[in-house]
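Source file: target_9.csv. Holds: CSV, C-alpha atoms and all ligand atoms.
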```
chain,number,residue,atom,x,y,z
A,1,MET,CA,0.0,0.0,0.0
A,2,GLU,CA,1.2,3.5,-0.8
A,3,THR,CA,2.0,5.8,2.1
A,4,LEU,CA,0.2,9.0,2.7
A,5,LYS,CA,3.4,10.8,1.8
A,6,LYS,CA,3.4,9.2,-1.6
A,7,ILE,CA,-0.3,10.0,-2.0
A,8,ALA,CA,0.3,13.6,-1.0
A,9,GLU,CA,3.0,13.8,-3.7
A,10,ALA,CA,0.7,12.3,-6.3
A,11,LEU,CA,-1.9,15.0,-5.4
A,12,ARG,CA,0.7,17.7,-5.7
A,13,ASN,CA,1.8,16.4,-9.2
A,14,ASN,CA,-1.8,16.3,-10.6
A,15,ASP,CA,-4.6,18.8,-11.2
A,16,PHE,CA,-8.3,18.9,-12.3
A,17,PHE,CA,-9.6,16.6,-9.6
A,18,TYR,CA,-13.1,15.2,-9.2
A,19,ILE,CA,-13.9,13.8,-5.7
A,20,LEU,CA,-16.6,11.2,-5.6
A,21,THR,CA,-18.8,10.5,-2.5
A,22,HIS,CA,-21.1,7.6,-1.8
A,23,ILE,CA,-24.8,7.1,-2.3
A,24,TYR,CA,-27.0,8.5,0.6
A,25,PRO,CA,-24.1,10.8,1.5
A,26,ASP,CA,-23.3,11.0,5.2
A,27,GLY,CA,-21.1,13.3,7.3
A,28,ASP,CA,-18.0,11.2,6.7
A,29,THR,CA,-18.0,10.9,2.9
A,30,LEU,CA,-19.0,14.6,2.6
A,31,GLY,CA,-16.5,15.8,5.3
A,32,SER,CA,-13.8,13.8,3.6
A,33,ALA,CA,-14.6,15.2,0.2
A,34,TYR,CA,-14.9,18.9,1.2
A,35,SER,CA,-11.9,18.9,3.5
A,36,LEU,CA,-9.8,17.4,0.6
A,37,CYS,CA,-11.3,19.8,-1.9
A,38,ALA,CA,-10.5,22.8,0.3
A,39,ALA,CA,-7.0,21.6,0.9
A,40,LEU,CA,-6.3,21.1,-2.8
A,41,GLN,CA,-7.9,24.5,-3.7
A,42,LYS,CA,-5.4,26.0,-1.1
A,43,LEU,CA,-2.7,24.5,-3.3
A,44,GLY,CA,-4.1,26.3,-6.3
A,45,LYS,CA,-5.7,23.1,-7.8
A,46,HIS,CA,-9.0,22.8,-9.7
A,47,VAL,CA,-11.3,20.6,-7.7
A,48,LYS,CA,-14.9,19.6,-7.7
A,49,VAL,CA,-16.9,17.4,-5.3
A,50,LEU,CA,-19.5,15.2,-6.9
A,51,THR,CA,-22.4,13.9,-4.8
A,52,ASP,CA,-25.6,11.9,-5.1
A,53,VAL,CA,-28.6,14.0,-6.4
A,54,ASN,CA,-30.2,13.5,-2.9
A,55,CYS,CA,-27.7,15.2,-0.7
A,56,PRO,CA,-29.1,16.3,2.7
A,57,SER,CA,-29.2,20.0,3.1
A,58,LYS,CA,-28.0,19.8,6.7
A,59,PHE,CA,-24.5,19.2,5.4
A,60,ASP,CA,-24.5,22.4,3.2
A,61,PHE,CA,-22.2,24.2,5.6
A,62,LEU,CA,-19.4,21.9,4.6
A,63,LYS,CA,-19.2,23.8,1.2
A,64,ASN,CA,-18.3,27.1,2.9
A,65,ASN,CA,-15.4,28.7,1.2
A,66,ILE,CA,-15.3,26.0,-1.6
A,67,LYS,CA,-14.9,27.6,-5.0
A,68,GLU,CA,-17.4,26.1,-7.6
A,69,GLU,CA,-15.8,25.5,-11.0
A,70,ASP,CA,-16.5,23.6,-14.2
A,71,PHE,CA,-13.8,21.6,-16.0
A,72,ASN,CA,-13.1,18.0,-17.2
A,73,PRO,CA,-11.4,15.8,-14.7
A,74,LYS,CA,-7.8,14.5,-15.0
A,75,TYR,CA,-7.7,12.8,-11.7
A,76,ILE,CA,-10.6,11.0,-9.9
A,77,ILE,CA,-10.7,10.3,-6.2
A,78,SER,CA,-13.2,8.2,-4.2
A,79,VAL,CA,-13.7,8.9,-0.5
A,80,ASP,CA,-15.4,6.5,2.0
A,81,ILE,CA,-16.9,4.5,-0.8
A,82,ALA,CA,-16.5,0.8,0.3
A,83,GLU,CA,-18.2,-0.8,-2.7
A,84,LYS,CA,-18.8,-0.2,-6.4
A,85,THR,CA,-22.5,-0.6,-5.7
A,86,LEU,CA,-22.3,2.5,-3.4
A,87,ILE,CA,-21.3,4.8,-6.2
A,88,PRO,CA,-24.4,7.0,-6.9
A,89,SER,CA,-26.1,6.2,-10.3
A,90,ASN,CA,-25.3,9.7,-11.5
A,91,LEU,CA,-21.6,9.0,-11.0
A,92,LYS,CA,-21.4,5.5,-12.3
A,93,LYS,CA,-19.7,6.7,-15.5
A,94,PHE,CA,-16.5,7.3,-13.5
A,95,GLU,CA,-16.5,3.8,-12.0
A,96,ASN,CA,-13.6,2.5,-14.1
A,97,SER,CA,-11.5,5.7,-14.1
A,98,ILE,CA,-10.8,6.2,-10.4
A,99,ASN,CA,-7.2,7.0,-9.7
A,100,LEU,CA,-7.2,7.1,-6.0
A,101,CYS,CA,-9.4,5.3,-3.4
A,102,LEU,CA,-9.3,6.5,0.2
A,103,ASP,CA,-11.3,4.4,2.6
A,104,HIS,CA,-11.6,3.1,6.2
A,105,HIS,CA,-13.8,0.0,5.4
A,106,ILE,CA,-12.1,-3.3,5.8
A,107,LYS,CA,-12.4,-4.3,2.2
A,108,SER,CA,-13.0,-2.0,-0.8
A,109,THR,CA,-14.2,-3.3,-4.1
A,110,ILE,CA,-13.4,0.0,-5.8
A,111,ASN,CA,-10.9,-0.4,-8.7
A,112,ALA,CA,-8.3,2.4,-8.5
A,113,ASP,CA,-4.7,2.9,-9.5
A,114,ILE,CA,-3.9,3.7,-5.8
A,115,THR,CA,-5.9,2.3,-2.9
A,116,TYR,CA,-5.3,3.5,0.6
A,117,ILE,CA,-7.3,1.8,3.4
A,118,ASP,CA,-6.9,2.2,7.1
A,119,HIS,CA,-9.7,0.1,8.7
A,120,THR,CA,-8.5,1.1,12.2
A,121,ALA,CA,-9.7,4.6,11.5
A,122,ALA,CA,-13.1,5.3,13.1
A,123,ALA,CA,-13.9,7.6,10.2
A,124,ASN,CA,-12.4,8.3,6.8
A,125,CYS,CA,-11.9,11.9,8.0
A,126,GLU,CA,-9.2,10.6,10.3
A,127,ILE,CA,-7.2,9.5,7.3
A,128,MET,CA,-7.9,12.9,5.6
A,129,TYR,CA,-6.5,14.7,8.7
A,130,TYR,CA,-3.1,12.9,8.3
A,131,LEU,CA,-3.2,13.3,4.5
A,132,ILE,CA,-3.8,17.0,4.6
A,133,LYS,CA,-0.9,17.3,7.1
A,134,GLU,CA,1.3,15.4,4.6
A,135,MET,CA,0.1,17.8,1.8
A,136,ASN,CA,1.6,20.6,4.0
A,137,VAL,CA,-1.7,22.5,3.8
A,138,ALA,CA,-2.5,24.6,6.8
A,139,ILE,CA,-5.7,23.4,8.5
A,140,ASP,CA,-8.2,26.2,9.0
A,141,SER,CA,-11.5,26.5,10.7
A,142,ASN,CA,-13.4,25.3,7.5
A,143,ILE,CA,-11.2,22.2,7.1
A,144,ALA,CA,-11.5,21.5,10.8
A,145,SER,CA,-15.3,21.7,10.5
A,146,CYS,CA,-15.3,19.2,7.7
A,147,LEU,CA,-13.0,16.7,9.5
A,148,TYR,CA,-14.9,17.1,12.8
A,149,THR,CA,-18.2,16.4,11.0
A,150,GLY,CA,-16.9,13.1,9.6
A,151,ILE,CA,-15.3,11.9,12.8
A,152,SER,CA,-18.3,12.9,15.0
A,153,THR,CA,-20.9,11.4,12.7
A,154,ASP,CA,-19.2,8.1,12.1
A,155,THR,CA,-18.6,7.6,15.9
A,156,GLY,CA,-22.2,8.7,16.8
A,157,CYS,CA,-20.7,11.7,18.5
A,158,PHE,CA,-18.0,9.6,20.2
A,159,LYS,CA,-20.5,7.1,21.6
A,160,TYR,CA,-19.8,4.1,19.5
A,161,SER,CA,-17.1,1.4,20.2
A,162,ASN,CA,-15.1,2.4,17.1
A,163,THR,CA,-14.1,5.7,18.9
A,164,THR,CA,-10.4,5.6,19.7
A,165,SER,CA,-7.9,7.7,21.5
A,166,LYS,CA,-6.8,8.7,18.0
A,167,SER,CA,-10.3,10.0,17.2
A,168,HIS,CA,-10.1,12.2,20.3
A,169,PHE,CA,-6.5,13.2,19.6
A,170,ILE,CA,-7.4,14.5,16.1
A,171,VAL,CA,-10.4,16.4,17.4
A,172,SER,CA,-8.3,17.9,20.2
A,173,GLU,CA,-5.9,19.2,17.5
A,174,LEU,CA,-8.8,20.4,15.3
A,175,LEU,CA,-10.2,22.5,18.3
A,176,LYS,CA,-7.1,24.7,18.0
A,177,TYR,CA,-8.6,26.1,14.8
A,178,LYS,CA,-11.7,27.4,16.5
A,179,PHE,CA,-14.4,25.8,14.4
A,180,PRO,CA,-18.0,26.0,15.6
A,181,MET,CA,-18.2,22.6,17.3
A,182,ASP,CA,-21.2,23.5,19.4
A,183,THR,CA,-23.3,24.6,16.4
A,184,ILE,CA,-22.3,21.5,14.4
A,185,ASN,CA,-23.3,19.3,17.3
A,186,GLU,CA,-26.5,21.1,17.8
A,187,ASN,CA,-27.5,20.8,14.1
A,188,LEU,CA,-26.3,17.2,13.6
A,189,PHE,CA,-27.1,15.5,16.9
A,190,ILE,CA,-29.7,17.6,18.8
A,191,LYS,CA,-32.1,19.4,16.4
A,192,LYS,CA,-34.8,17.5,14.6
A,193,SER,CA,-37.1,18.8,11.9
A,194,LYS,CA,-40.8,19.2,12.8
A,195,LYS,CA,-41.5,16.5,10.2
A,196,LYS,CA,-39.2,14.1,11.9
A,197,ILE,CA,-41.1,14.7,15.2
A,198,GLU,CA,-44.3,14.0,13.4
A,199,THR,CA,-42.8,10.8,12.0
A,200,GLU,CA,-41.7,9.8,15.5
A,201,LYS,CA,-45.3,10.5,16.7
A,202,ILE,CA,-46.6,7.9,14.3
A,203,LEU,CA,-43.9,5.4,15.2
A,204,ASN,CA,-44.6,5.8,18.9
A,205,LYS,CA,-48.4,5.4,18.3
A,206,ASN,CA,-47.7,2.1,16.4
A,207,LEU,CA,-45.2,0.8,18.9
A,208,GLU,CA,-46.0,-2.6,20.4
A,209,PHE,CA,-44.2,-4.5,23.1
A,210,SER,CA,-44.0,-8.2,23.6
A,211,PHE,CA,-42.1,-10.8,25.6
A,212,ASN,CA,-42.0,-8.8,28.8
A,213,ASN,CA,-40.9,-5.7,26.9
A,214,LYS,CA,-37.8,-7.3,25.5
A,215,CYS,CA,-39.2,-6.9,22.0
A,216,ALA,CA,-40.5,-3.6,20.6
A,217,ILE,CA,-41.9,-3.4,17.1
A,218,THR,CA,-43.2,-0.4,15.2
A,219,TYR,CA,-44.1,0.5,11.6
A,220,ILE,CA,-45.0,3.3,9.3
A,221,THR,CA,-47.2,2.9,6.2
A,222,THR,CA,-47.1,4.8,2.9
A,223,ASP,CA,-50.5,6.2,3.7
A,224,GLU,CA,-49.3,7.5,7.1
A,225,MET,CA,-46.2,9.0,5.3
A,226,LYS,CA,-48.5,10.8,2.8
A,227,SER,CA,-50.7,12.1,5.7
A,228,ILE,CA,-47.8,14.1,7.1
A,229,ASN,CA,-46.3,14.7,3.7
A,230,ILE,CA,-42.8,13.3,4.3
A,231,GLY,CA,-40.2,11.9,2.0
A,232,GLU,CA,-37.3,9.4,2.5
A,233,ASN,CA,-35.1,12.1,4.2
A,234,GLU,CA,-37.3,12.2,7.3
A,235,LEU,CA,-37.0,8.4,7.7
A,236,ASP,CA,-33.3,8.7,8.3
A,237,GLY,CA,-32.4,7.1,11.7
A,238,ILE,CA,-35.9,5.8,12.5
A,239,ALA,CA,-34.6,2.3,12.9
A,240,SER,CA,-32.9,3.2,16.2
A,241,LEU,CA,-36.1,4.3,17.9
A,242,PRO,CA,-37.4,1.0,19.3
A,243,ILE,CA,-33.9,-0.2,20.5
A,244,SER,CA,-33.4,3.1,22.3
A,245,ILE,CA,-36.0,2.0,24.9
A,246,GLU,CA,-34.7,0.7,28.2
A,247,ASN,CA,-34.5,-3.2,28.5
A,248,VAL,CA,-35.4,-3.8,24.8
A,249,ASP,CA,-33.2,-6.5,23.3
A,250,ILE,CA,-34.6,-6.4,19.8
A,251,GLY,CA,-36.1,-3.3,18.2
A,252,ILE,CA,-37.9,-3.7,14.9
A,253,THR,CA,-39.0,-0.9,12.5
A,254,MET,CA,-41.1,-1.7,9.5
A,255,ARG,CA,-41.5,0.8,6.8
A,256,GLU,CA,-43.8,0.4,3.8
A,257,LYS,CA,-42.2,1.1,0.5
A,258,SER,CA,-44.4,1.5,-2.6
A,259,CYS,CA,-46.1,-1.6,-4.0
A,260,GLY,CA,-46.8,-3.2,-0.6
A,261,GLU,CA,-43.2,-4.1,0.1
A,262,TYR,CA,-42.0,-3.6,3.7
A,263,LYS,CA,-38.4,-2.9,4.6
A,264,ILE,CA,-37.7,-4.2,8.0
A,265,SER,CA,-34.8,-2.9,10.1
A,266,VAL,CA,-33.7,-4.9,13.1
A,267,ARG,CA,-31.5,-3.4,15.9
A,268,THR,CA,-30.4,-5.5,18.8
A,269,SER,CA,-28.6,-5.4,22.2
A,270,ASN,CA,-25.5,-7.5,22.6
A,271,LYS,CA,-27.8,-10.4,23.7
A,272,ILE,CA,-29.0,-11.1,20.1
A,273,ASN,CA,-27.2,-11.3,16.8
A,274,ALA,CA,-29.2,-9.2,14.4
A,275,ASN,CA,-27.5,-10.7,11.3
A,276,ASP,CA,-28.4,-14.3,12.4
A,277,PHE,CA,-31.9,-13.2,13.3
A,278,CYS,CA,-32.5,-11.7,9.8
A,279,LYS,CA,-31.1,-14.8,8.1
A,280,ASN,CA,-34.4,-16.5,9.1
A,281,PHE,CA,-36.0,-14.0,6.7
A,282,SER,CA,-33.4,-14.2,4.0
A,283,GLY,CA,-31.9,-10.9,5.1
A,284,GLY,CA,-28.7,-10.0,6.9
A,285,GLY,CA,-26.3,-7.2,7.9
A,286,HIS,CA,-24.2,-6.7,11.0
A,287,SER,CA,-24.3,-8.2,14.5
A,288,ARG,CA,-26.3,-5.3,16.0
A,289,ALA,CA,-28.0,-3.8,12.9
A,290,ALA,CA,-29.5,-5.9,10.1
A,291,GLY,CA,-32.6,-6.0,8.0
A,292,PHE,CA,-34.8,-7.8,5.5
A,293,SER,CA,-37.7,-7.2,3.1
A,294,SER,CA,-41.1,-8.7,2.9
A,295,PHE,CA,-44.3,-8.5,0.8
A,296,GLU,CA,-46.5,-9.8,3.6
A,297,SER,CA,-48.9,-7.9,5.8
A,298,ILE,CA,-47.7,-6.1,9.0
A,299,PHE,CA,-49.7,-8.6,11.0
A,300,LYS,CA,-48.1,-11.6,9.2
A,301,ILE,CA,-44.6,-10.2,9.6
A,302,LYS,CA,-45.1,-9.5,13.3
A,303,GLU,CA,-46.4,-13.1,13.8
A,304,LYS,CA,-43.4,-14.6,12.1
A,305,ILE,CA,-41.0,-12.4,14.1
A,306,LYS,CA,-42.6,-13.5,17.3
A,307,ASN,CA,-42.5,-17.2,16.3
A,308,ILE,CA,-38.8,-17.0,15.6
A,309,LEU,CA,-38.1,-15.3,18.9
A,310,THR,CA,-40.0,-18.1,20.7
A,311,LEU,CA,-38.3,-20.8,18.7
A,312,LYS,CA,-34.7,-19.5,19.0
A,313,PHE,CA,-34.8,-17.9,22.5
A,314,GLY,CA,-37.6,-19.7,24.3
A,315,TRP,CA,-39.4,-16.3,24.8
B,1,MN,MN,-17.1,6.5,7.0
```

Would you give me this structure, written as structure tokens?
Amino acid sequence: METLKKIAEALRNNDFFYILTHIYPDGDTLGSAYSLCAALQKLGKHVKVLTDVNCPSKFDFLKNNIKEEDFNPKYIISVDIAEKTLIPSNLKKFENSINLCLDHHIKSTINADITYIDHTAAANCEIMYYLIKEMNVAIDSNIASCLYTGISTDTGCFKYSNTTSKSHFIVSELLKYKFPMDTINENLFIKKSKKKIETEKILNKNLEFSFNNKCAITYITTDEMKSINIGENELDGIASLPISIENVDIGITMREKSCGEYKISVRTSNKINANDFCKNFSGGGHSRAAGFSSFESIFKIKEKIKNILTLKFGW
């Protein structure tokens, strides 16, 4: 694997960069892209960040001080994109011409001339911090905001087990540049849109407990979504609602997609493996977060879920 020093050199020797971000862009892919964009622009380079068409407006502040320009690319970089399938459809045309892939996921299926992966990094923005230092670009308040956004969002604001002393070290360094940490935290981790609260109202109304409150299931139908006029954006993070309840070991959120199909998200405590559970429904995912799809009715899905819990755990 190339060193960050070599990568910094490659960046200095090239120009006309496109930086690609992943589908359903999050704070880490956008923070990585805009911090690198700002750093390269500080070196006098031409740079453009390319995103999915559905880019949440809450991350608009990352573009502060970025110069918008139009040109054809000569060097293409992907940031935080673990798999080819995570390249947004509007950027698929660049899939086979990526020069540099920067990532922190254990395995990347992106084809690039240079691939740099550090899977010990809690966020790709941790890699970006060290890369920008190697580029000899002075970090400023804007770059610090971008890097902080990536690190804080990927660590759940330093709550998840992927948070390391390195994550805290980098942030302690970033704080020297006086970026608005309090405002970023407020906007990303505290404030919710009114529509989001209306969505949660429905999810709370439909919430049902079973097995001595160890299992909490809720759902939202397309009719309910229409009644409060919400789109996909407001559904972001709803899967964590049932598992956030005290003593719940399995929290399930079912959301109706068009054509009567349900997307079922399963979140679990460390007592249940969500991936194994979802395999019973031909789904899968990670040990604490997984999911599956079904064309059956809410009643039927609930019934099956409860049967499996009785069968597997004697509940
Ligand atoms: Mn990431």

Note to self: How would you report the residues lying within 8 Å of ligand MN 1 (chain B), as number ranges by chain, if you count only C-alpha atoms and all ligand atoms?
What the structure shows: A: 26-29, 80, 103-105, 122-125, 150, 154

Note to self: Using only C-alpha atoms for the distances, tell me which of A:Ser152, A:Asn65, A:Thr120, A:Ser297 is nearest to Gln41 of chain A.
What the structure shows: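 Using only C-alpha atoms, the shortest distance to Gln41 of chain A belongs to A:Asn65.
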
Checklist line | Nearest to Ile66 of chain A, chosen from A:Ser89, A:Asn136, A:Ile190, A:Tyr34, with only C-alpha atoms counted in the distances | finding: A:Tyr34

Checklist line | Residues within 10 Å of (-35.9, -8.2, 3.8), file coords, all atoms listed in the file, listed as a PyMOL selection string | finding: chain A and resi 261-265+278-284+290-295

Selection export as a PDB file, in the coordinates of the input, atoms kept: C-alpha atoms:
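Output file out_31.pdb is given in full below:
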```pdb
ATOM      1  CA  GLU A 261     -43.200  -4.100   0.100  1.00  0.00           C
ATOM      2  CA  TYR A 262     -42.000  -3.600   3.700  1.00  0.00           C
ATOM      3  CA  LYS A 263     -38.400  -2.900   4.600  1.00  0.00           C
ATOM      4  CA  ILE A 264     -37.700  -4.200   8.000  1.00  0.00           C
ATOM      5  CA  SER A 265     -34.800  -2.900  10.100  1.00  0.00           C
ATOM      6  CA  CYS A 278     -32.500 -11.700   9.800  1.00  0.00           C
ATOM      7  CA  LYS A 279     -31.100 -14.800   8.100  1.00  0.00           C
ATOM      8  CA  ASN A 280     -34.400 -16.500   9.100  1.00  0.00           C
ATOM      9  CA  PHE A 281     -36.000 -14.000   6.700  1.00  0.00           C
ATOM     10  CA  SER A 282     -33.400 -14.200   4.000  1.00  0.00           C
ATOM     11  CA  GLY A 283     -31.900 -10.900   5.100  1.00  0.00           C
ATOM     12  CA  GLY A 284     -28.700 -10.000   6.900  1.00  0.00           C
ATOM     13  CA  ALA A 290     -29.500  -5.900  10.100  1.00  0.00           C
ATOM     14  CA  GLY A 291     -32.600  -6.000   8.000  1.00  0.00           C
ATOM     15  CA  PHE A 292     -34.800  -7.800   5.500  1.00  0.00           C
ATOM     16  CA  SER A 293     -37.700  -7.200   3.100  1.00  0.00           C
ATOM     17  CA  SER A 294     -41.100  -8.700   2.900  1.00  0.00           C
ATOM     18  CA  PHE A 295     -44.300  -8.500   0.800  1.00  0.00           C
TER      19      PHE A 295
END
```

Next item on the list: Please return, as a PyMOL selection string, all polymer residues that have at least one atom within 12 Å of the point (-42.0, 11.9, 5.5); use all atoms listed in the file and the file's own coordinate frame.
Entry: chain A and resi 193-203+220-236+238+255-257

Residues of the last selection are to be written out with C-alpha atoms, as a compact mmCIF listing (two decimals), in the coordinates of the input.
```txt
# COMPACT_ATOMS: atom_id res chain seq x y z
CA SER A 193 -37.10 18.80 11.90
CA LYS A 194 -40.80 19.20 12.80
CA LYS A 195 -41.50 16.50 10.20
CA LYS A 196 -39.20 14.10 11.90
CA ILE A 197 -41.10 14.70 15.20
CA GLU A 198 -44.30 14.00 13.40
CA THR A 199 -42.80 10.80 12.00
CA GLU A 200 -41.70 9.80 15.50
CA LYS A 201 -45.30 10.50 16.70
CA ILE A 202 -46.60 7.90 14.30
CA LEU A 203 -43.90 5.40 15.20
CA ILE A 220 -45.00 3.30 9.30
CA THR A 221 -47.20 2.90 6.20
CA THR A 222 -47.10 4.80 2.90
CA ASP A 223 -50.50 6.20 3.70
CA GLU A 224 -49.30 7.50 7.10
CA MET A 225 -46.20 9.00 5.30
CA LYS A 226 -48.50 10.80 2.80
CA SER A 227 -50.70 12.10 5.70
CA ILE A 228 -47.80 14.10 7.10
CA ASN A 229 -46.30 14.70 3.70
CA ILE A 230 -42.80 13.30 4.30
CA GLY A 231 -40.20 11.90 2.00
CA GLU A 232 -37.30 9.40 2.50
CA ASN A 233 -35.10 12.10 4.20
CA GLU A 234 -37.30 12.20 7.30
CA LEU A 235 -37.00 8.40 7.70
CA ASP A 236 -33.30 8.70 8.30
CA ILE A 238 -35.90 5.80 12.50
CA ARG A 255 -41.50 0.80 6.80
CA GLU A 256 -43.80 0.40 3.80
CA LYS A 257 -42.20 1.10 0.50
```

Item checked: atom CA of Asp249 of chain A to atom CA of Ser287 of chain A, straight-line distance in Å ->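 About the pair atom CA of Ser287 of chain A and atom CA of Asp249 of chain A: they are 12.6 Å apart.
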
Item checked: Non-local contacts of segment 84-86 of chain A (7 Å; only C-alpha atoms; under 2 positions in same chain excluded) as a list in words -> His22, Ile23, Ile81, Pro88, Thr109 and Ile110 of chain A

Margin query: My list of candidates is A:Lys42, A:Lys166, A:Lys92, A:Lys159. Which is closest to Glu126 of chain A when distances are computed with all atoms listed in the file?
Written below: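 Counting all atoms listed in the file, the residue closest to Glu126 of chain A is A:Lys166.
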
Item checked: Nearest-residue call for Ser141 of chain A, choices A:Ala39, A:Ile98, A:Ile250, A:Ile77, using only C-alpha atoms -> A:Ala39

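For the residues A:Ala121, A:Tyr129, A:Lys58, A:Leu36, ranking by smallest atom-to-atom distance to Ser161 of chain A using only C-alpha atoms places A:Ala121 first.
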
Checklist line | Point-to-point distance from atom CA of Leu40 of chain A to atom CA of Asp113 of chain A, Å rounded to tenths | finding: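 Computing the Euclidean distance for atom CA of Leu40 of chain A and atom CA of Asp113 of chain A yields 19.5 Å.
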
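The two atoms in question, atom CA of Lys63 of chain A and atom CA of Cys157 of chain A, are spaced 21.2 Å apart.
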